[in-house]
Every structure is written in structure tokens, then in C-alpha cells.
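S.K.: Input: one structure, supplied below.
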Amino acid sequence: MRVTQPSDSVPLSLRSLAARRFGAVSWVGFAAWIIVIAFLLLAVFGPLFIATDPLRQTPGALLPIGSPGHPLGTDNLGRDELSRLVHGARPLIGIALLSTLFAALIGTTIGLIAGYSGGWIDQLLMRTTDLVLAFPSLLLIILLVSVTGAGPFPLVTGITVAMAPSFARLVRALCAREMARDYVTSATLAGTRAPRIMLVEILPNLTGPLLVQVMTTISVAAGFSAGMSYIGLGIQPPQPDWGYMVQAAQQFIYSQPSLIILPATCTLLFVVACNFVGDDLRDRFDLRRDL
Amino acid sequence: MTLVMRLSRPLRSRTLGMLIVRRLLLVPLVLFAVVTIVFFAMRLIPGSPATTLGVAGTEGLSSKQIQENIDALTKTLGLDRPLLEQFGTYLLAVSRLDLGYSFFGSNSVVSLLKNTLPATIELVFTAMIIAVILGVVTGVVAAMRRGKALDSIILAFATVSFSLPWFALGVLGIIVFSVQLGWLPVLGRLPTSLGYQPTTNFVLLDAILQNRPDLVLPWIEHLILPALTLAISMAGFITRMVRASVLEVLGDDFIRTARMKGLDEWHIMSGHVLRNSSLPVVTVLGLQFGSLLGGSVITETVFSYPGVGNLLVSAVNQHDYLLVQGAVFAVALLFILTNVVVDILYYVLDPRLRKA
């Protein structure tokens, strides 16, 4: 435990914090950040730089890697693999980010209300959450898609519903812990309204664990999204998507395995990197708690 | 004091049986809840199955014809009836194990499930066994090498393993082990050349019943890769649980006592430490079984493995609505029963829980 010195003004402590953080960076965590950022940039800007249309069919089907004009070859319909790979990043990452965002918003709201209110509201909200959590998430998503039909919107809805309970549980537990703290009591005594206590007083103190949970959820959601597309219940063709690309290429597993390896590895890399970023964040926030 | 003890002794021995009975009595209740949820979920979600089914494959028909199509389907499915009446009819049918008929090929849903459920059970439980072995071994190794490089590597793998997408793992596994190395078959459950005629449709059981030892090796070869794909996500959780509980127990007094008695490390690990780690492992099995079942849907598709998951996916793709309902019901049943077994295991393993 360090005694706060008078010279420890906010910017200075921030700087020392940053120095300590960078000192503690592991190369795995660093690589993970780079990969995640690279994939995000690829999803946002990649399609702008690829001139080839991912849907344009050329006479050369199943061209190998390194063919002139098609650096990563072509698929069975003669579509440029590089272009499809780059365009395929958007739906996967977009759906993962969107559903995580919604799940975090809904889950955090439920968790805050349950943790803050306690009593029967807490019981009701948490038992409902447990009910959803008890149901295998992938089955929940499939059940939903089976009625609404496949597409990005049902996919986002399904993943959101499946993922929100984890956020609710986490936030409720953290919020209940914070409720015992003096600052909440003092805010209550000062007459601060409940929503303000929840959002302005309590929520900022939950940032660390929430961010970790966000990264983990992005990683799981990306896996779900690609997996659903793989079994034909997610993004529908002709829109290029890594999951669907793997499925479509599986019949050429002997003649052209690169058509499978490339999108599968991209999915794997993104998912693993997100997870390691979450792990890295966990380490960093533990570090801050020790400071 | 003695009176209380004498009274409580037979009581305690009866408690385990009582608890199991009480837990089993809960099953129909939970099943009822599942049936209710599936039923209402499929009707409250916007978009009627009749519409989805009626519109599918109707390019070129006029909108009036499509509407007639939808209306006819609504009637066939009984969707025009009041919701509660539909629910009553459905409950009655389910209680008679009548889950309706598939729209394609007119097989009854129950017979389709009978053909596929054993394959899924084989896959999922093999995956569980692999996960336990993998998880316990890596967990113990990590705990014994605490703070060393091996510990960090195992922990890093355990961290990422649970979110690894099954389909990517599966196809990459096929490419490496089946296509490149040629060690394992690419897909399916058994080669048709073996002429396997299912009796129970559990291959191992049938191999004994039909005296067909030649079935066993191909069965294992087909099962190992999909089971491993599924197992990896669960193994990571077990690794972490085992590592933590081993580290915790190693510092306990009774381990010190065992060491002082002169027991060798192997006996301490197997007899004392691992026994205490069995509880967290069982916890993980129960908690992660749902995710394993979800994963089996995708894994079965990857390996064209003829299980319930594969059936479910094709049913959803073909809008085979009753089959979807039935398959979800079957998977939920498997999920519930496994959780009952896990709970009972819990009571058996930890006497302290019986009081609660």
C-alpha cells in the first residue's frame, strides 16, 4: 500500500500508471492487441482498398495461391479469395461487436437494477437470468433462427439474448459489493436519485471487469456468428462470410484446402486474439487495484 | 447427545436416497418447464412457422396462392386454434411421446430421434471423458510446475480454449489428421462397407450384442476427432479448476500429515489431492454440458456425423418445424438428465452437501 504523496497529482500518477502498465506488457498480450486492431482496421477499411469485387465470377475456378491477379487464388465459382476474405471480415466482426454491445447494455442495466434494488426485484431478475443461462446458448440461437429465418438480424438478437445474462450476473455481483461501500451510502444520504447513483457513482467502478467481459464476449460471439453461418443459419450467401466460406469449400478439402484454411484460421486468430486481449486487460486492472 | 446421535445415524444414511428421489421427482417438473418454454418461444417470436414454411420455395407463385399455402399450413399445424388449446394438445401429445411427423419423408419425429440420439450421446460423453483426462492431467502438471514456463503455457491454452470456434477447430483437424497425415477418416460414424445394422444404435453395445468386434476400431477412429474438437473447450475449464484446487489442497494440514506419515508424492496426489479436486471437476461438467451440447450441433455438421445436431440443422434449414421442436426437446432432455446425474454425483462425493 502506497501513501499518496502531495506531488502525486492526477496527470503524474497517470503517467506512472502508464509506465508501469507498459512495463508489465507481455508479448502475447501485445501481439493480441495488434491482431485485434489489425482485424478491426481490415473490417472497416479493407473493402475500400480491394478493387476486386468479391462476387465477380471469373473463368478461372479453383486457381491456386499465387495466381496472377488472384494472390490467394479463387474459389469454385472463380471468385477472388483475397477479396472474399477481406469482405468477409465485416459481417463476422460487425455481428460480434453489435451483439456484444447490446448484450452489455441490456445485461448491465438488469444487473445494476437487481444489485441496487435487492429484494424481490433482484430475485425476479436474477431467476429469469438463470433460466436463460441454463438453456444451452447455441440451441437458443438456433431455436430463434428456426422461427424467424436466417439472417444478420436474428443472429444479433439470438447472440444478444444468449450473452446478456452473463453480463447481468457479473454486474449484479459487482454492484451488490459496491452497495456496501461508503461512497454509495454518502450519495444516498445526500439525496442522489437512484439512476444517478447507479450510472454515475457505481458504474464507473465496474469498468475493469466489464471491459474484460466485453472482450471475452466478443470472442465467443464471433465464434457463434461464424459457426451459425457455417451451418447455414447465419449470414446468407452470396454475402461473403468466413463461416460460410469454410462450409462451401469443404467439398474441395482434397483439391484446395487453402480455401478452408484461410477463413478458418482468420476466425480462429480473431477469436483467440480477443480472448488474450481480455486476459491482458484482466492483468492490467488487477495491477491498478494493487497500486 | 447419544439419543440424538443414534437417531441421526439411520437418518443420515437414508438422506442420500431421499435426496436422489427428490432430485428425480424434479425431472418431470423441469421437463414441463422446457416444453412450455420451447412451445411459447416458437409462437411468441415474430414470424410464424407457417409463413416461413409457406413462402419457402414458392418463387413464381402469385401472392394469393402463397397466402392460401400459408393458410392451409396454419390449419394443418393447428396454429389457428387458441394458444392455450394448442398448448394443451401439444402437452397431451408429448406425454404420449408423440412428437409428430417430419414434413419431409413423413418419418415420425420420435423414430428419427431414436436413430440419432445414441450417436450424439456417444459423441458428447466421449468428449466429456477426453476433457476430464486432458483437464486433470494438464491441471495437475500446471499446479506442480507453478510459476514455471509450462504452467504459463498451459494456463494460456486453458484461457483461450473455451471460446475456440468448434467449426474452425474441426475443419483444421480434418485437414491435418485426415487429409494431410491420413491417420483418421474424414467424416461419418462408420463406413457403410461394414454393413452395420443397429440394434440399440450404441455401437459399442451393439458390437457386444451382435458379436462384431470389427466395429470397434472404425468406431473409435471416426469418433476421436469430433470428440476431441468438442472436448477442448471443456478441458480448459477443468484445467483451471483442477490447478486451483490442487494448489489450495496442497497447503492443507492433512497433506502435511500424509507427508509426515511418509506417503510418497504419487499416493498423496492420487489419493488425497485429486479426490478433493473431483468436486470442482464435476461442477464444470454440469455447468459446461449445455455448451458441449450446443457445440455438438456444429461439430456434427462439420464431420457429417449422424446425430441429433445434424438432424436439427437440416430440420431448421428445411423449415421442418415439428422436427426442430422435437430435436430441441430431445437435446433438452439429455441436458436435464445429465444435470440430474451431476447433482447426484455431487451428493455422493461431498457428504457436507447432503445437509443443505
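Labeling convention for the C-alpha cells: chains A, B, ... as they appear, residues from 1 per chain, ligands from 1 in order of appearance.
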Please identify all polymer residues within 12 Å of Leu79 of chain B, counting only C-alpha atoms, omitting same-chain residues fewer than 6 positions from it, and present them as a PyMOL selection string.
M.R.: chain B and resi 39+42-43+48-51+70-73+85-87+89-90
S.K.: Within 10 Å of segment 44-47 of chain A, counting only C-alpha atoms, which residues show up once you throw out same-chain ones fewer than 3 positions away? Write them as a list in words, please.
M.R.: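 Near segment 44-47 of chain A, the qualifying residues are Ala38, Phe39, Leu40, Leu41, Ile50, Ala51, Thr52, Asp53, Pro54, Ser83, Arg84, Leu85, Val86, His87, Gly88, Ala89, Arg90, Ile93 and Gly94 of chain A.
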S.K.: As a list in words, please: the residues near segment 315-317 of chain B (cut-off 9 Å, only C-alpha atoms, same-chain neighbours under 4 positions excluded).
M.R.: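 Listed by chain and then number, they are Ile142, Leu143, Val145, Ser146, Val147, Gly149, Ala150, Ile231, Gly232 and Leu233 of chain A; Ser102, Asn310, Leu311, Tyr321, Leu322, Leu323, Val324 and Ala327 of chain B.
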S.K.: Nearest to Gly208 of chain A among A:Phe49, A:Phe102, A:Phe285, A:Phe270, with distances taken over only C-alpha atoms: which residue is it?
M.R.: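 The shortest atom-to-atom distance to Gly208 of chain A comes from A:Phe285.
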S.K.: Which residues of chain B are close to chain A, meaning at most 6 Å apart when you count only C-alpha atoms, and how do they look as a count of residues only?
M.R.: 10
S.K.: From the set B:Leu225, B:Val281, B:Val171, B:Val140, which residue has the shortest atom-to-atom contact distance to Leu184 of chain B, counting only C-alpha atoms?
M.R.: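 Checking each of B:Leu225, B:Val281, B:Val171, B:Val140 against Leu184 of chain B, counting only C-alpha atoms, the winner is B:Leu225.
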